Amino acid sequence: MSFLFPTLLTVGLPLIGVPILIHLINLRRQQRIKWAAMQFLLESQRRNRRWILLKQLLLLLTRMAVIAVLVLMLSHLVLRNEWMSLLGRGTTHHLVLLDDSYSMSDRWNETTSLNEGKRAVQAIVDQAAQQSDRQLVTMLRFSEAAKLSAGAQPKVYAEQINEAFRGKLESLLASWEASQTDVGPADALKAVPRLPLEDKEQTLIVYLVSDFRARQFGSATEIGKLLADLKDKEHVAQIHLIRCVREARPNLAVKSLTPVSGVRAAGVEMWMEITVANYGDVPARGVTVQLEQDGDALPALVLDDIAPRGEVTHKFRVQFAGTGAHWLAATLPADAVAVDNHRYYACELPAAKPVLIVDGSADGRGGRQLSLALAPSANTHTGWQPHVEPASFLADVERLNQQAAVCLLDVPHLNDDELKALESYVRNGGGVAFCVGATTDRAFYNDRLYANGAGLFPAPLKLPTQLLDRDGENTPDVEVTQHPLFQIFAGRRNGFLPLLTVDYFYALLDDWRPPADGSTQVIARLRNNAPLVIEKKFGKGRVIAQLTKLSTGDTPLGRWTNWTLNPAFPVLANELASYLAVAHDRDPLLAIGDNLVVSVEEGKYDPQFRFLLPKQEAGRSAGTGAAAPVAEATSPGVPSTRRTSLARPEIAVEATLANKQLTAKLENLAESGIYEVQLQSVKGPVERRVFAVNPPVAEGDLALTATPELTRQLAGVEVQLHDAREMSLDAQQLAGFQMGDALLVALIVLLLVEQLLGYIASYHLQPLAGGRK
């Protein structure tokens with residue numbers, strides 16, 4: 001015998017004594033009064049005393065039984081005896097939630113966490129099969145639960161445990177491998193109420209089979225609440241937590257592989273940055289990273305020692321030859337978890353990136369000097385393609401959006417359509433630099449560009465101001481911060497900074513201060529502490545404002561600065577273009593679970609797109625040891641997947657036409673790696689596009705939640721903890737009959753009997769002849 005809600009039983013059982021208490025209270029309220037006329041009635045009562053007491057005792061016991069049955073019904077009594085199946089429903093439903101996140105691929109001694117979990121699932125089914133009552137099982141993997149819609153059924157739903165099901169269970173479990181997701185127990189528990197468990201009278205037992213990592217259970221407040229809700233709202237009889245791993249193993253993971261600076265163009269060196277985390281409790285020494293670029297091996301990287309629970313970042317240079325699609329892969333040596341040993345990067349490189357320069361000065365010197373710094377000569381390939389245009393170029397939205405960066409030099413003002421297009425460009429990830437000067441229209445900049453802080457320009461202008469000399473001081477005119485733009489002035493190269501001179505600059509309104517949210521910051525100041533260079537975040541893009549002229553041209557006030565004469569100016573110009581362009585660069589990077597969507601203009605390509613999936617070794621999913629689907633193709637007429645001689649799966653997808661665009665996609669990408677899409681041009685060769693898909697980070701942290709800590713975190717929730725290798729359940733835990741229906745019938749019968757006994761035990765006057773009482 002057991003109860004789904006033992007707390008209600010504890011509170012309710014003492015209520016059985018309430019009728020006795022009421023009876024005793026009523027006795028105390030009666031007073032004895034001697035009355036001669038009552039002697040006759042008392043004599044009659046003595047003759048029928050036994051019968052009266054019997055009726056009253058039966059009435060009292062019936063009322064106590066009503067309360068007892070009501071308490072048992074609300075506590076959900078479950079009887080385990082086989083013969084009680086005549087009264088109960090006799091069905092036990094086992095709901096198994098199996099963790100298949102990639103931390104479950106943790107490998108040791110020829111086994112994995114997931115294999116231990118699957119053994120526990122097999123043990124649950126085998127033990128349930130030995131019971132005589134009806135046993136059902138539903139299996140829900142974490143990765144499956146995350147995308148389960150309300151009312152939908154998992155692949156294994158309410159299967160009756162019999163010899164037929166047990167016969168196919170082994171092959172079913174063998175086909176289940178660790179996914180590359182980081183779906184946690186909270187997502188799985190949230191999916192339980194969405195399951196169509198319509199039979200509320202069956203005994204529902206939930207098993208949470210997981211590795212119980214500290215990342216998810218270190219603070220299990222949400223999980224504890226979800227488990228409590230299963231007890232209270234879903235009428236779960238028992239909750240079993242099954243741990244699949246006993247100890248944490250060291251593990252390294254590549255957390256990121258990203259470009260950090262420089263132009264992204266064919267044939268130009270670019271800096272990459274790789275970050276490797278050490279999730280172990282001992283230092284990682286002599287870690288090497290193997291690099292592969294477009295299928296060719298590069299020299300390995302040797303990283304500095306990585307402290308326990310720490311990480312290290314390493315910069316290196318790569319150069320991609322030729323325009324078009326390119327990719328880079330970084331791989332760590334094998335360890336406990338294979339998935340996070342890999343990281344991928346992909347890009348689409350042009351021959352050069354256009355930089356728009358708008359020079360509003362009369363002599364146009366600033367535009368020429370900046371163009372020369374970005375592209376010194378035809379023989380020097382920097383990856384930039386600067387071009388000087390009038391301000392009206394900004395109104396051409398299509399051409400503007402193709403620019404890697406925009407520089408406005410001494411531009412007095414902009415028309416409405418030009419300003420609107422420029423704001424949209426920056427808001428969507430573009431970068432723009434302003435350099436004010438003698439022709440700057442201060443009223444336009446303050447009213448329209450600054451717009452009380454809502455516009456592009458970061459601060460309100462006051463007046464052109466002369467930077468006065470300080471007698472006897474040898475302080476550089478410019479003081480810079482540790483900003484990526486000013487790396488040329490850092491360290492031993494700082495000798496360039498004293499060579500910068502500023503004679504005139506635009507002062508700001510006295511009451512202006514950078515906003516507290518950090519969206520605007522001063523990144524360079526003059527020696528009088530006045531702001532010189534300000535950065536502002538605007539939508540997805542960024543704005544750099546220099547409060548002095550760029551060029552050395554003369555103005556009515558005289559020369560403003562010597563920026564373009566400084567030996568560091570070409571480097572500074574390239575850093576500026578790179579910094580502005582990085583927000584606008586959109587590399588084809590995706591994550592596990594994303595959709596890979598390819599859209600092209602109608603009429604230029606064959607409608608059948610070929611998707612080449614990540615290269616696999618011997619047709620196996622990396623790190624799992626079994627074939628695994630990598631995506632779901634959603635498109636009319638999709639042929640089945642086939643594999644090339646290099647064991648690289650290939651899917652042909654028929655693109656759909658909408659709004660003059662051909663679109664094909666792979667939904668819910670399930671495997672990391674490099675994906676290639678081949679498009680057959682109707683007038684030329686096949687075009688390649690590559691996409692890098694990476695797994696989520698941090699799932700490779702294999703630190704465990706100790707059992708005492710887990711018990712403390714789930715205090716107040718009735719759960720039973722098990723070790724997967726010692727999984728054993730008492731037969732009484734696997735069979736049972738909920739007595740809800742039987743107790744309801746008993747309650748109704750008792751209430752009718754109570755009413756009948758109440759009527760019999762009370763006094764009633766008999767009607768007299770003639771209808772008078």
# chains A, B, ... in the order shown; residues from 1 in each chain; ligands from 1
>>> residues_around(residues="segment 57-59 of chain A", least_positions_apart="6", cutoff="7 Å", atoms="only C-alpha atoms", output="PyMOL selection string")
chain A and resi 754+757-758
>>> residues_around(residues="Gln153 of chain A", least_positions_apart="6", cutoff="12 Å", atoms="only C-alpha atoms", output="ChimeraX atom specification")
/A:138-140,144-145,147,159,191-197
>>> atom_distance(atom1="atom CA of Glu667 of chain A", atom2="atom CA of Arg689 of chain A")
17.3 Å
>>> closest_residue(among="A:Arg442, A:Arg542, A:Arg712, A:Arg243", to="Ala220 of chain A", atoms="only C-alpha atoms")
A:Arg712
